[in-house]
$ cat upload19.pdb   # PDB, C-alpha atoms
ATOM      1  CA  MET Q  59       0.000   0.000   0.000  1.00  0.00           C
ATOM      2  CA  PRO Q  60       1.445   3.432  -0.924  1.00  0.00           C
ATOM      3  CA  PHE Q  61       2.205   5.484   2.187  1.00  0.00           C
ATOM      4  CA  ASN Q  62       0.361   8.536   0.876  1.00  0.00           C
ATOM      5  CA  ASN Q  63      -2.864   6.499   0.851  1.00  0.00           C
ATOM      6  CA  LEU Q  64      -2.930   6.918   4.627  1.00  0.00           C
ATOM      7  CA  CYS Q  65      -4.092  10.482   3.989  1.00  0.00           C
ATOM      8  CA  ASN Q  66      -6.911   9.284   1.750  1.00  0.00           C
ATOM      9  CA  ARG Q  67     -10.116  10.219   3.570  1.00  0.00           C
ATOM     10  CA  GLN Q  68     -11.820   6.896   2.846  1.00  0.00           C
ATOM     11  CA  GLN Q  69      -8.761   4.976   4.049  1.00  0.00           C
ATOM     12  CA  HIS Q  70      -8.434   7.148   7.152  1.00  0.00           C
ATOM     13  CA  GLU Q  71     -12.107   6.874   8.064  1.00  0.00           C
ATOM     14  CA  SER Q  72     -11.967   3.099   7.676  1.00  0.00           C
ATOM     15  CA  GLY Q  73      -9.845   2.958  10.830  1.00  0.00           C
ATOM     16  CA  ARG Q  74      -7.524   0.308   9.398  1.00  0.00           C
ATOM     17  CA  LYS Q  75      -4.111   0.036  11.023  1.00  0.00           C
ATOM     18  CA  HIS Q  76      -0.659  -0.486   9.539  1.00  0.00           C
ATOM     19  CA  PHE Q  77       2.738  -1.858  10.505  1.00  0.00           C
ATOM     20  CA  ALA Q  78       6.146  -0.313   9.829  1.00  0.00           C
ATOM     21  CA  VAL Q  79       9.493  -1.890  10.639  1.00  0.00           C
ATOM     22  CA  LEU Q  80      12.258   0.591  11.439  1.00  0.00           C
ATOM     23  CA  ILE Q  81      15.629  -0.489  10.081  1.00  0.00           C
ATOM     24  CA  ASP Q  82      18.790   1.096  11.473  1.00  0.00           C
ATOM     25  CA  PRO Q  83      21.476   0.564   8.792  1.00  0.00           C
ATOM     26  CA  ASP Q  84      24.178   0.439  11.465  1.00  0.00           C
ATOM     27  CA  ASN Q  85      22.628  -2.632  13.100  1.00  0.00           C
ATOM     28  CA  LEU Q  86      22.137  -5.048  10.190  1.00  0.00           C
ATOM     29  CA  ASP Q  87      24.457  -7.094   8.041  1.00  0.00           C
ATOM     30  CA  GLU Q  88      23.341  -8.718   4.789  1.00  0.00           C
ATOM     31  CA  ALA Q  89      22.314 -12.053   6.333  1.00  0.00           C
ATOM     32  CA  SER Q  90      20.243 -10.523   9.129  1.00  0.00           C
ATOM     33  CA  CYS Q  91      18.649  -8.084   6.692  1.00  0.00           C
ATOM     34  CA  LEU Q  92      17.616 -10.869   4.317  1.00  0.00           C
ATOM     35  CA  ASN Q  93      16.105 -12.793   7.225  1.00  0.00           C
ATOM     36  CA  LEU Q  94      14.159  -9.716   8.295  1.00  0.00           C
ATOM     37  CA  LEU Q  95      12.907  -9.168   4.733  1.00  0.00           C
ATOM     38  CA  SER Q  96      11.667 -12.750   4.528  1.00  0.00           C
ATOM     39  CA  LEU Q  97       9.825 -12.458   7.847  1.00  0.00           C
ATOM     40  CA  SER Q  98       8.356  -9.103   6.855  1.00  0.00           C
ATOM     41  CA  GLU Q  99       6.978 -10.464   3.583  1.00  0.00           C
ATOM     42  CA  THR Q 100       5.489 -13.458   5.390  1.00  0.00           C
ATOM     43  CA  HIS Q 101       3.837 -11.348   8.066  1.00  0.00           C
ATOM     44  CA  GLN Q 102       2.578  -8.575   5.792  1.00  0.00           C
ATOM     45  CA  VAL Q 103       4.585  -5.600   7.000  1.00  0.00           C
ATOM     46  CA  ASP Q 104       3.301  -2.482   5.227  1.00  0.00           C
ATOM     47  CA  PHE Q 105       6.405  -0.251   5.223  1.00  0.00           C
ATOM     48  CA  PHE Q 106      10.095  -0.188   5.975  1.00  0.00           C
ATOM     49  CA  PHE Q 107      11.378   2.993   7.615  1.00  0.00           C
ATOM     50  CA  VAL Q 108      15.147   3.204   7.042  1.00  0.00           C
ATOM     51  CA  GLY Q 109      17.374   5.538   9.031  1.00  0.00           C
ATOM     52  CA  GLY Q 110      18.243   6.659  12.518  1.00  0.00           C
ATOM     53  CA  SER Q 111      19.279   9.588  14.665  1.00  0.00           C
ATOM     54  CA  LEU Q 112      22.972   8.777  14.296  1.00  0.00           C
ATOM     55  CA  ILE Q 113      24.315   6.829  11.325  1.00  0.00           C
ATOM     56  CA  THR Q 114      27.969   5.911  11.810  1.00  0.00           C
ATOM     57  CA  THR Q 115      28.537   3.569   8.837  1.00  0.00           C
ATOM     58  CA  ASP Q 116      28.045   3.772   5.081  1.00  0.00           C
ATOM     59  CA  ASN Q 117      25.655   0.791   5.078  1.00  0.00           C
ATOM     60  CA  GLN Q 118      22.437   2.666   4.293  1.00  0.00           C
ATOM     61  CA  ALA Q 119      22.711   2.606   0.487  1.00  0.00           C
ATOM     62  CA  ALA Q 120      23.600  -1.105   0.480  1.00  0.00           C
ATOM     63  CA  ILE Q 121      20.734  -1.959   2.847  1.00  0.00           C
ATOM     64  CA  ILE Q 122      18.200  -0.058   0.728  1.00  0.00           C
ATOM     65  CA  LYS Q 123      19.513  -1.737  -2.430  1.00  0.00           C
ATOM     66  CA  LEU Q 124      19.161  -5.130  -0.747  1.00  0.00           C
ATOM     67  CA  ILE Q 125      15.581  -4.361   0.266  1.00  0.00           C
ATOM     68  CA  LYS Q 126      14.609  -3.155  -3.195  1.00  0.00           C
ATOM     69  CA  GLU Q 127      16.064  -6.276  -4.804  1.00  0.00           C
ATOM     70  CA  ASN Q 128      14.434  -8.738  -2.408  1.00  0.00           C
ATOM     71  CA  SER Q 129      11.155  -7.229  -1.241  1.00  0.00           C
ATOM     72  CA  SER Q 130       8.060  -5.495  -2.586  1.00  0.00           C
ATOM     73  CA  ILE Q 131       7.507  -3.564   0.662  1.00  0.00           C
ATOM     74  CA  PRO Q 132       7.888   0.221   0.206  1.00  0.00           C
ATOM     75  CA  VAL Q 133      11.059   1.813   1.601  1.00  0.00           C
ATOM     76  CA  ILE Q 134      10.517   5.139   3.375  1.00  0.00           C
ATOM     77  CA  LEU Q 135      13.530   7.155   4.516  1.00  0.00           C
ATOM     78  CA  PHE Q 136      13.573   8.156   8.190  1.00  0.00           C
ATOM     79  CA  PRO Q 137      16.447  10.662   8.056  1.00  0.00           C
ATOM     80  CA  SER Q 138      18.154  12.629  10.791  1.00  0.00           C
ATOM     81  CA  ASN Q 139      19.656  15.123   8.350  1.00  0.00           C
ATOM     82  CA  SER Q 140      20.050  16.012   4.678  1.00  0.00           C
ATOM     83  CA  LEU Q 141      23.056  13.694   4.269  1.00  0.00           C
ATOM     84  CA  HIS Q 142      20.803  10.644   4.561  1.00  0.00           C
ATOM     85  CA  ILE Q 143      18.727  11.200   1.430  1.00  0.00           C
ATOM     86  CA  ASP Q 144      18.919   8.187  -0.891  1.00  0.00           C
ATOM     87  CA  LYS Q 145      17.109   8.238  -4.230  1.00  0.00           C
ATOM     88  CA  GLN Q 146      16.783   4.434  -4.265  1.00  0.00           C
ATOM     89  CA  ALA Q 147      13.982   4.700  -1.696  1.00  0.00           C
ATOM     90  CA  ASP Q 148      10.308   5.106  -2.512  1.00  0.00           C
ATOM     91  CA  GLY Q 149       9.688   8.075  -0.239  1.00  0.00           C
ATOM     92  CA  ILE Q 150      10.906  10.143   2.668  1.00  0.00           C
ATOM     93  CA  LEU Q 151       9.420  11.290   5.949  1.00  0.00           C
ATOM     94  CA  LEU Q 152      10.338  14.980   5.813  1.00  0.00           C
ATOM     95  CA  LEU Q 153      10.526  15.344   9.580  1.00  0.00           C
ATOM     96  CA  SER Q 154      10.007  18.689  11.268  1.00  0.00           C
ATOM     97  CA  LEU Q 155      10.881  18.308  14.957  1.00  0.00           C
ATOM     98  CA  ILE Q 156       7.911  20.285  16.262  1.00  0.00           C
ATOM     99  CA  SER Q 157       8.348  19.099  19.858  1.00  0.00           C
ATOM    100  CA  GLY Q 158      11.676  20.959  20.038  1.00  0.00           C
ATOM    101  CA  ARG Q 159      12.933  24.484  19.475  1.00  0.00           C
ATOM    102  CA  ASN Q 160      16.069  23.753  17.474  1.00  0.00           C
ATOM    103  CA  PRO Q 161      15.683  25.669  14.186  1.00  0.00           C
ATOM    104  CA  ASP Q 162      18.002  23.280  12.361  1.00  0.00           C
ATOM    105  CA  PHE Q 163      15.499  20.447  12.768  1.00  0.00           C
ATOM    106  CA  LEU Q 164      12.434  22.636  12.331  1.00  0.00           C
ATOM    107  CA  ILE Q 165      13.506  24.097   8.956  1.00  0.00           C
ATOM    108  CA  GLY Q 166      17.299  24.247   8.554  1.00  0.00           C
ATOM    109  CA  GLN Q 167      17.903  20.705   7.297  1.00  0.00           C
ATOM    110  CA  HIS Q 168      14.818  21.032   5.103  1.00  0.00           C
ATOM    111  CA  VAL Q 169      16.312  24.009   3.274  1.00  0.00           C
ATOM    112  CA  LEU Q 170      19.427  21.958   2.518  1.00  0.00           C
ATOM    113  CA  SER Q 171      17.298  18.998   1.415  1.00  0.00           C
ATOM    114  CA  ALA Q 172      14.773  20.881  -0.715  1.00  0.00           C
ATOM    115  CA  PRO Q 173      16.688  21.107  -4.032  1.00  0.00           C
ATOM    116  CA  ILE Q 174      17.750  17.453  -3.766  1.00  0.00           C
ATOM    117  CA  LEU Q 175      14.213  16.288  -3.042  1.00  0.00           C
ATOM    118  CA  LYS Q 176      12.720  18.526  -5.733  1.00  0.00           C
ATOM    119  CA  ALA Q 177      15.006  16.972  -8.340  1.00  0.00           C
ATOM    120  CA  SER Q 178      14.360  13.411  -7.144  1.00  0.00           C
ATOM    121  CA  GLU Q 179      11.439  11.080  -7.708  1.00  0.00           C
ATOM    122  CA  LEU Q 180      11.016  10.444  -4.007  1.00  0.00           C
ATOM    123  CA  GLN Q 181       7.525  10.833  -2.573  1.00  0.00           C
ATOM    124  CA  VAL Q 182       7.765  13.459   0.175  1.00  0.00           C
ATOM    125  CA  TYR Q 183       5.674  13.033   3.328  1.00  0.00           C
ATOM    126  CA  PRO Q 184       5.675  16.205   5.483  1.00  0.00           C
ATOM    127  CA  THR Q 185       5.678  14.908   9.056  1.00  0.00           C
ATOM    128  CA  GLY Q 186       5.445  16.572  12.449  1.00  0.00           C
ATOM    129  CA  TYR Q 187       7.990  14.680  14.543  1.00  0.00           C
ATOM    130  CA  MET Q 188       7.359  14.702  18.290  1.00  0.00           C
ATOM    131  CA  LEU Q 189       9.801  13.235  20.794  1.00  0.00           C
ATOM    132  CA  VAL Q 190       8.233  12.040  24.037  1.00  0.00           C
ATOM    133  CA  ASP Q 191      10.064  11.370  27.303  1.00  0.00           C
ATOM    134  CA  THR Q 192       9.753   7.641  27.937  1.00  0.00           C
ATOM    135  CA  GLY Q 193      12.153   7.233  30.830  1.00  0.00           C
ATOM    136  CA  ARG Q 194      15.637   7.846  29.471  1.00  0.00           C
ATOM    137  CA  GLN Q 195      17.460  10.254  27.197  1.00  0.00           C
ATOM    138  CA  THR Q 196      17.472   8.983  23.623  1.00  0.00           C
ATOM    139  CA  THR Q 197      19.926   9.453  20.781  1.00  0.00           C
ATOM    140  CA  ALA Q 198      17.302  11.572  19.011  1.00  0.00           C
ATOM    141  CA  SER Q 199      16.928  14.042  21.878  1.00  0.00           C
ATOM    142  CA  TYR Q 200      20.691  14.205  22.466  1.00  0.00           C
ATOM    143  CA  MET Q 201      21.618  14.715  18.803  1.00  0.00           C
ATOM    144  CA  SER Q 202      18.871  17.284  18.240  1.00  0.00           C
ATOM    145  CA  GLY Q 203      19.591  19.173  21.457  1.00  0.00           C
ATOM    146  CA  THR Q 204      15.898  19.264  22.335  1.00  0.00           C
ATOM    147  CA  THR Q 205      13.771  18.428  25.357  1.00  0.00           C
ATOM    148  CA  PRO Q 206      11.114  15.745  24.777  1.00  0.00           C
ATOM    149  CA  ILE Q 207       7.486  16.310  25.699  1.00  0.00           C
ATOM    150  CA  PRO Q 208       6.909  15.181  29.305  1.00  0.00           C
ATOM    151  CA  TYR Q 209       5.412  11.702  29.488  1.00  0.00           C
ATOM    152  CA  ASP Q 210       2.454  12.768  31.628  1.00  0.00           C
ATOM    153  CA  LYS Q 211       1.491  15.901  29.664  1.00  0.00           C
ATOM    154  CA  PRO Q 212      -0.921  14.747  26.923  1.00  0.00           C
ATOM    155  CA  ALA Q 213      -2.296  18.290  26.542  1.00  0.00           C
ATOM    156  CA  ILE Q 214       1.127  19.551  25.427  1.00  0.00           C
ATOM    157  CA  ALA Q 215       1.326  16.757  22.857  1.00  0.00           C
ATOM    158  CA  ALA Q 216      -2.200  17.480  21.625  1.00  0.00           C
ATOM    159  CA  CYS Q 217      -1.557  21.204  21.167  1.00  0.00           C
ATOM    160  CA  THR Q 218       1.791  20.536  19.475  1.00  0.00           C
ATOM    161  CA  ALA Q 219       0.193  18.089  17.035  1.00  0.00           C
ATOM    162  CA  MET Q 220      -2.630  20.521  16.384  1.00  0.00           C
ATOM    163  CA  ALA Q 221      -0.143  23.268  15.533  1.00  0.00           C
ATOM    164  CA  GLY Q 222       1.658  20.921  13.157  1.00  0.00           C
ATOM    165  CA  GLU Q 223      -1.576  20.051  11.375  1.00  0.00           C
ATOM    166  CA  LEU Q 224      -2.524  23.735  11.063  1.00  0.00           C
ATOM    167  CA  LEU Q 225       0.887  24.407   9.543  1.00  0.00           C
ATOM    168  CA  GLY Q 226       0.071  21.852   6.843  1.00  0.00           C
ATOM    169  CA  LEU Q 227       1.982  18.806   8.035  1.00  0.00           C
ATOM    170  CA  ARG Q 228       0.236  15.667   6.783  1.00  0.00           C
ATOM    171  CA  TYR Q 229       1.403  13.141   9.389  1.00  0.00           C
ATOM    172  CA  ILE Q 230       2.200  13.207  13.110  1.00  0.00           C
ATOM    173  CA  TYR Q 231       4.906  10.892  14.446  1.00  0.00           C
ATOM    174  CA  LEU Q 232       4.973  10.296  18.220  1.00  0.00           C
ATOM    175  CA  ASP Q 233       8.307   8.715  19.073  1.00  0.00           C
ATOM    176  CA  GLY Q 234       9.608   7.452  22.386  1.00  0.00           C
ATOM    177  CA  GLY Q 235      12.964   6.673  20.792  1.00  0.00           C
ATOM    178  CA  SER Q 236      15.099   3.570  20.524  1.00  0.00           C
ATOM    179  CA  GLY Q 237      15.337   1.622  23.774  1.00  0.00           C
ATOM    180  CA  ALA Q 238      12.469   3.509  25.414  1.00  0.00           C
ATOM    181  CA  MET Q 239      11.782   2.269  28.947  1.00  0.00           C
ATOM    182  CA  GLN Q 240       8.027   2.503  28.365  1.00  0.00           C
ATOM    183  CA  PRO Q 241       5.778   3.140  25.375  1.00  0.00           C
ATOM    184  CA  ILE Q 242       3.974   6.407  24.785  1.00  0.00           C
ATOM    185  CA  SER Q 243       0.888   6.385  26.985  1.00  0.00           C
ATOM    186  CA  ALA Q 244      -2.569   5.601  25.679  1.00  0.00           C
ATOM    187  CA  ASP Q 245      -3.749   8.886  27.215  1.00  0.00           C
ATOM    188  CA  MET Q 246      -1.290  10.859  25.100  1.00  0.00           C
ATOM    189  CA  ILE Q 247      -2.135   8.984  21.903  1.00  0.00           C
ATOM    190  CA  LYS Q 248      -5.852   9.518  22.566  1.00  0.00           C
ATOM    191  CA  ALA Q 249      -5.343  13.230  23.198  1.00  0.00           C
ATOM    192  CA  VAL Q 250      -3.457  13.635  19.931  1.00  0.00           C
ATOM    193  CA  ARG Q 251      -6.023  11.532  18.058  1.00  0.00           C
ATOM    194  CA  GLN Q 252      -8.815  13.792  19.305  1.00  0.00           C
ATOM    195  CA  SER Q 253      -6.928  16.938  18.310  1.00  0.00           C
ATOM    196  CA  VAL Q 254      -5.971  16.140  14.689  1.00  0.00           C
ATOM    197  CA  GLU Q 255      -7.410  14.424  11.630  1.00  0.00           C
ATOM    198  CA  VAL Q 256      -4.112  13.445  10.002  1.00  0.00           C
ATOM    199  CA  PRO Q 257      -2.624   9.940  10.392  1.00  0.00           C
ATOM    200  CA  ILE Q 258      -0.691   9.260  13.594  1.00  0.00           C
ATOM    201  CA  ILE Q 259       2.498   7.170  13.628  1.00  0.00           C
ATOM    202  CA  VAL Q 260       3.617   5.773  16.991  1.00  0.00           C
ATOM    203  CA  GLY Q 261       6.949   4.157  17.861  1.00  0.00           C
ATOM    204  CA  GLY Q 262       9.294   3.519  20.757  1.00  0.00           C
ATOM    205  CA  GLY Q 263       8.937   1.084  23.633  1.00  0.00           C
ATOM    206  CA  ILE Q 264       6.472  -1.222  21.879  1.00  0.00           C
ATOM    207  CA  ASN Q 265       7.933  -4.570  22.904  1.00  0.00           C
ATOM    208  CA  THR Q 266       4.830  -6.665  23.641  1.00  0.00           C
ATOM    209  CA  ALA Q 267       1.675  -7.438  21.691  1.00  0.00           C
ATOM    210  CA  ALA Q 268      -0.365  -5.882  24.510  1.00  0.00           C
ATOM    211  CA  LYS Q 269       1.480  -2.574  24.136  1.00  0.00           C
ATOM    212  CA  ALA Q 270       0.924  -2.644  20.384  1.00  0.00           C
ATOM    213  CA  LYS Q 271      -2.786  -3.283  20.896  1.00  0.00           C
ATOM    214  CA  ALA Q 272      -3.043  -0.453  23.443  1.00  0.00           C
ATOM    215  CA  ALA Q 273      -1.506   1.997  20.963  1.00  0.00           C
ATOM    216  CA  LEU Q 274      -3.881   0.864  18.203  1.00  0.00           C
ATOM    217  CA  GLU Q 275      -6.936   1.193  20.427  1.00  0.00           C
ATOM    218  CA  ALA Q 276      -5.816   4.651  21.563  1.00  0.00           C
ATOM    219  CA  GLY Q 277      -5.728   5.905  17.976  1.00  0.00           C
ATOM    220  CA  ALA Q 278      -2.392   5.082  16.326  1.00  0.00           C
ATOM    221  CA  ASP Q 279      -2.709   4.542  12.570  1.00  0.00           C
ATOM    222  CA  VAL Q 280       0.787   3.106  12.110  1.00  0.00           C
ATOM    223  CA  ILE Q 281       2.759   1.094  14.680  1.00  0.00           C
ATOM    224  CA  VAL Q 282       6.556   1.271  14.327  1.00  0.00           C
ATOM    225  CA  VAL Q 283       8.803  -1.407  15.800  1.00  0.00           C
ATOM    226  CA  GLY Q 284      12.564  -1.580  15.337  1.00  0.00           C
ATOM    227  CA  ASN Q 285      14.921  -2.173  18.224  1.00  0.00           C
ATOM    228  CA  HIS Q 286      13.003  -5.077  19.741  1.00  0.00           C
ATOM    229  CA  ILE Q 287      12.704  -6.922  16.413  1.00  0.00           C
ATOM    230  CA  GLU Q 288      16.485  -6.732  16.025  1.00  0.00           C
ATOM    231  CA  LYS Q 289      16.780  -8.604  19.329  1.00  0.00           C
ATOM    232  CA  ASN Q 290      13.746 -10.848  18.854  1.00  0.00           C
ATOM    233  CA  PRO Q 291      12.737 -11.353  15.194  1.00  0.00           C
ATOM    234  CA  GLY Q 292       9.789 -13.514  16.277  1.00  0.00           C
ATOM    235  CA  PHE Q 293       8.158 -10.426  17.758  1.00  0.00           C
ATOM    236  CA  LEU Q 294       7.397  -9.301  14.206  1.00  0.00           C
ATOM    237  CA  ALA Q 295       4.817 -12.090  13.909  1.00  0.00           C
ATOM    238  CA  GLU Q 296       3.178 -11.038  17.199  1.00  0.00           C
ATOM    239  CA  VAL Q 297       2.709  -7.424  16.107  1.00  0.00           C
ATOM    240  CA  SER Q 298       1.492  -8.483  12.674  1.00  0.00           C
ATOM    241  CA  HIS Q 299      -1.089 -10.794  14.249  1.00  0.00           C
ATOM    242  CA  THR Q 300      -2.237  -8.046  16.618  1.00  0.00           C
ATOM    243  CA  ILE Q 301      -2.774  -5.592  13.760  1.00  0.00           C
ATOM    244  CA  ALA Q 302      -4.467  -8.192  11.554  1.00  0.00           C
ATOM    245  CA  SER Q 303      -6.827  -9.141  14.392  1.00  0.00           C
ATOM    246  CA  TYR Q 304      -7.687  -5.490  14.990  1.00  0.00           C
ATOM    247  CA  ASN Q 305      -8.451  -4.923  11.297  1.00  0.00           C
ATOM    248  CA  LEU Q 306     -10.489  -8.133  11.095  1.00  0.00           C
ATOM    249  CA  ALA Q 307     -12.604  -7.000  14.054  1.00  0.00           C
ATOM    250  CA  LEU Q 308     -13.241  -3.717  12.234  1.00  0.00           C
ATOM    251  CA  ASP Q 309     -14.426  -5.594   9.143  1.00  0.00           C
ATOM    252  CA  VAL Q 310     -16.707  -7.850  11.183  1.00  0.00           C
ATOM    253  CA  HIS Q 311     -18.425  -4.924  12.885  1.00  0.00           C
ATOM    254  CA  ARG Q 312     -19.152  -3.072   9.636  1.00  0.00           C
TER     255      ARG Q 312
END
$ encode --input "upload19.pdb" --output "structure tokens"
Amino acid sequence: MPFNNLCNRQQHESGRKHFAVLIDPDNLDEASCLNLLSLSETHQVDFFFVGGSLITTDNQAAIIKLIKENSSIPVILFPSNSLHIDKQADGILLLSLISGRNPDFLIGQHVLSAPILKASELQVYPTGYMLVDTGRQTTASYMSGTTPIPYDKPAIAACTAMAGELLGLRYIYLDGGSGAMQPISADMIKAVRQSVEVPIIVGGGINTAAKAKAALEAGADVIVVGNHIEKNPGFLAEVSHTIASYNLALDVHR
């Protein structure tokens, strides 16, 4: 399914949920990547997000090439800066870090990226990126020099998301970061869901099927799992089953 279909009103109103696997190019070799691709095809992953807050190797291009050659699942860039644009991908989350006040990640990197993206064939997905405090400082907050939204302040998250939507951003991404001690709370996801109409992406700290289900029921449109799948590839099947069961229940009740 093309990522931009999430903004289709009929698709959005259907309430159907989706699954993205976040791939950090620093953490995969060819064998482990091929295994992940096979599992993802089997368990009907919708999207691959490729990138990270700090990329220390030159593996990204090779990983994307490997995905494109061995999988039909769309590859969406999840970049931390303009250096991580790769035209092999299908699209890019153009992230504006609206939870922070660092101008470089609100607009600076976007200015550098704009001529490259304009000349490419990448689908661009303007996304309000919101870091949430989930118990420990993350690479994303450290590298961006920003303070995450407090875990127990859903009203701040709701108003921030609302501002992003009014500015024209087409997606909201709530992220607890890699290795989050706890997932983003259902209360916060619900508050954001009630404040905006655009699709909501939720990641960080989702390491059980119950946590995935809680995020779906609170209003997440896309569940993102990365770090835990690297440690436990079998978890991919659990999340896939949870999402499929949720969507099946929606179909039954129509």
$ resolve_selection --input "upload19.pdb" --expression "the PyMOL selection byres ((chain Q and resi 120) around 12)" --output "list in words"
Pro83, Asp84, Leu86, Asp87, Glu88, Cys91, Val108, Thr115, Asp116, Asn117, Gln118, Ala119, Ile121, Ile122, Lys123, Leu124, Ile125, Lys126, Glu127, Asp144, Gln146 and Ala147 of chain Q
$ resolve_selection --input "upload19.pdb" --expression "the PyMOL selection byres ((chain Q and resi 305) around 12)" --output "PyMOL selection string"
chain Q and resi 72-77+271+274-275+279+298-304+306-312
$ closest_residue --input "upload19.pdb" --among "Q:Val250, Q:Ile214, Q:Val256, Q:Ala273" --to "Q:Gly226" --atoms "all atoms listed in the file"
Q:Val256
$ atom_distance --input "upload19.pdb" --atom1 "atom CA of Q:Ile113" --atom2 "atom CA of Q:Pro137"
9.3 Å
$ closest_residue --input "upload19.pdb" --among "Q:Ala198, Q:Leu97, Q:Thr114, Q:Leu152" --to "Q:Asn128" --atoms "only C-alpha atoms"
Q:Leu97
$ residues_around --input "upload19.pdb" --residues "Q:Arg159" --least-positions-apart "5" --cutoff "10 Å" --atoms "all atoms listed in the file" --output "VMD selection string"
chain Q and resid 164 202 to 205
$ write_last_selection --input "upload19.pdb" --atoms "C-alpha atoms" --output "compact mmCIF listing (two decimals), keeping the file's coordinate frame"
# COMPACT_ATOMS: atom_id res chain seq x y z
CA LEU Q 164 12.43 22.64 12.33
CA SER Q 202 18.87 17.28 18.24
CA GLY Q 203 19.59 19.17 21.46
CA THR Q 204 15.90 19.26 22.34
CA THR Q 205 13.77 18.43 25.36
$ resolve_selection --input "upload19.pdb" --expression "the PyMOL selection byres ((chain Q and resi 102) around 12)" --output "tab-separated table (two decimals) with C-alpha atoms, keeping the file's coordinate frame"
chain	number	residue	atom	x	y	z
Q	59	MET	CA	0.00	0.00	0.00
Q	76	HIS	CA	-0.66	-0.49	9.54
Q	77	PHE	CA	2.74	-1.86	10.50
Q	78	ALA	CA	6.15	-0.31	9.83
Q	79	VAL	CA	9.49	-1.89	10.64
Q	94	LEU	CA	14.16	-9.72	8.30
Q	95	LEU	CA	12.91	-9.17	4.73
Q	96	SER	CA	11.67	-12.75	4.53
Q	97	LEU	CA	9.82	-12.46	7.85
Q	98	SER	CA	8.36	-9.10	6.86
Q	99	GLU	CA	6.98	-10.46	3.58
Q	100	THR	CA	5.49	-13.46	5.39
Q	101	HIS	CA	3.84	-11.35	8.07
Q	103	VAL	CA	4.58	-5.60	7.00
Q	104	ASP	CA	3.30	-2.48	5.23
Q	105	PHE	CA	6.40	-0.25	5.22
Q	106	PHE	CA	10.10	-0.19	5.98
Q	129	SER	CA	11.16	-7.23	-1.24
Q	130	SER	CA	8.06	-5.50	-2.59
Q	131	ILE	CA	7.51	-3.56	0.66
Q	132	PRO	CA	7.89	0.22	0.21
Q	294	LEU	CA	7.40	-9.30	14.21
Q	295	ALA	CA	4.82	-12.09	13.91
Q	296	GLU	CA	3.18	-11.04	17.20
Q	297	VAL	CA	2.71	-7.42	16.11
Q	298	SER	CA	1.49	-8.48	12.67
Q	299	HIS	CA	-1.09	-10.79	14.25
Q	300	THR	CA	-2.24	-8.05	16.62
Q	301	ILE	CA	-2.77	-5.59	13.76
Q	302	ALA	CA	-4.47	-8.19	11.55
$ atom_distance --input "upload19.pdb" --atom1 "atom CA of Q:Met246" --atom2 "atom CA of Q:His70"
19.7 Å
$ closest_residue --input "upload19.pdb" --among "Q:Met188, Q:Val182, Q:Ile242, Q:Ile259" --to "Q:His168" --atoms "only C-alpha atoms"
Q:Val182
$ closest_residue --input "upload19.pdb" --among "Q:Gly149, Q:Pro241, Q:Pro206, Q:Pro173" --to "Q:Ala272" --atoms "all atoms listed in the file"
Q:Pro241
$ residues_around --input "upload19.pdb" --residues "Q:Tyr209" --least-positions-apart "5" --cutoff "8 Å" --atoms "only C-alpha atoms" --output "count of residues only"
5
$ atom_distance --input "upload19.pdb" --atom1 "atom CA of Q:Gly186" --atom2 "atom CA of Q:Glu71"
20.5 Å
$ build_atoms --input "upload19.pdb" --residues "stretch 293-300 of chain Q" --atoms "N, CA, C and O atoms" --output "compact mmCIF listing (two decimals), in the frame of the given file"
# COMPACT_ATOMS: atom_id res chain seq x y z
N PHE Q 293 9.12 -11.43 17.31
CA PHE Q 293 8.16 -10.43 17.76
C PHE Q 293 7.42 -9.81 16.58
O PHE Q 293 6.28 -9.36 16.72
N LEU Q 294 8.04 -9.84 15.41
CA LEU Q 294 7.40 -9.30 14.21
C LEU Q 294 6.07 -10.01 13.95
O LEU Q 294 5.06 -9.37 13.63
N ALA Q 295 6.05 -11.32 14.12
CA ALA Q 295 4.82 -12.09 13.91
C ALA Q 295 3.75 -11.70 14.93
O ALA Q 295 2.55 -11.62 14.59
N GLU Q 296 4.14 -11.42 16.16
CA GLU Q 296 3.18 -11.04 17.20
C GLU Q 296 2.50 -9.71 16.87
O GLU Q 296 1.28 -9.58 16.99
N VAL Q 297 3.29 -8.73 16.45
CA VAL Q 297 2.71 -7.42 16.11
C VAL Q 297 1.82 -7.54 14.88
O VAL Q 297 0.72 -6.98 14.83
N SER Q 298 2.29 -8.30 13.89
CA SER Q 298 1.49 -8.48 12.67
C SER Q 298 0.14 -9.11 13.00
O SER Q 298 -0.90 -8.69 12.49
N HIS Q 299 0.15 -10.12 13.86
CA HIS Q 299 -1.09 -10.79 14.25
C HIS Q 299 -2.01 -9.84 15.00
O HIS Q 299 -3.24 -9.84 14.79
N THR Q 300 -1.44 -9.01 15.85
CA THR Q 300 -2.24 -8.05 16.62
C THR Q 300 -2.93 -7.06 15.69
O THR Q 300 -4.13 -6.76 15.85
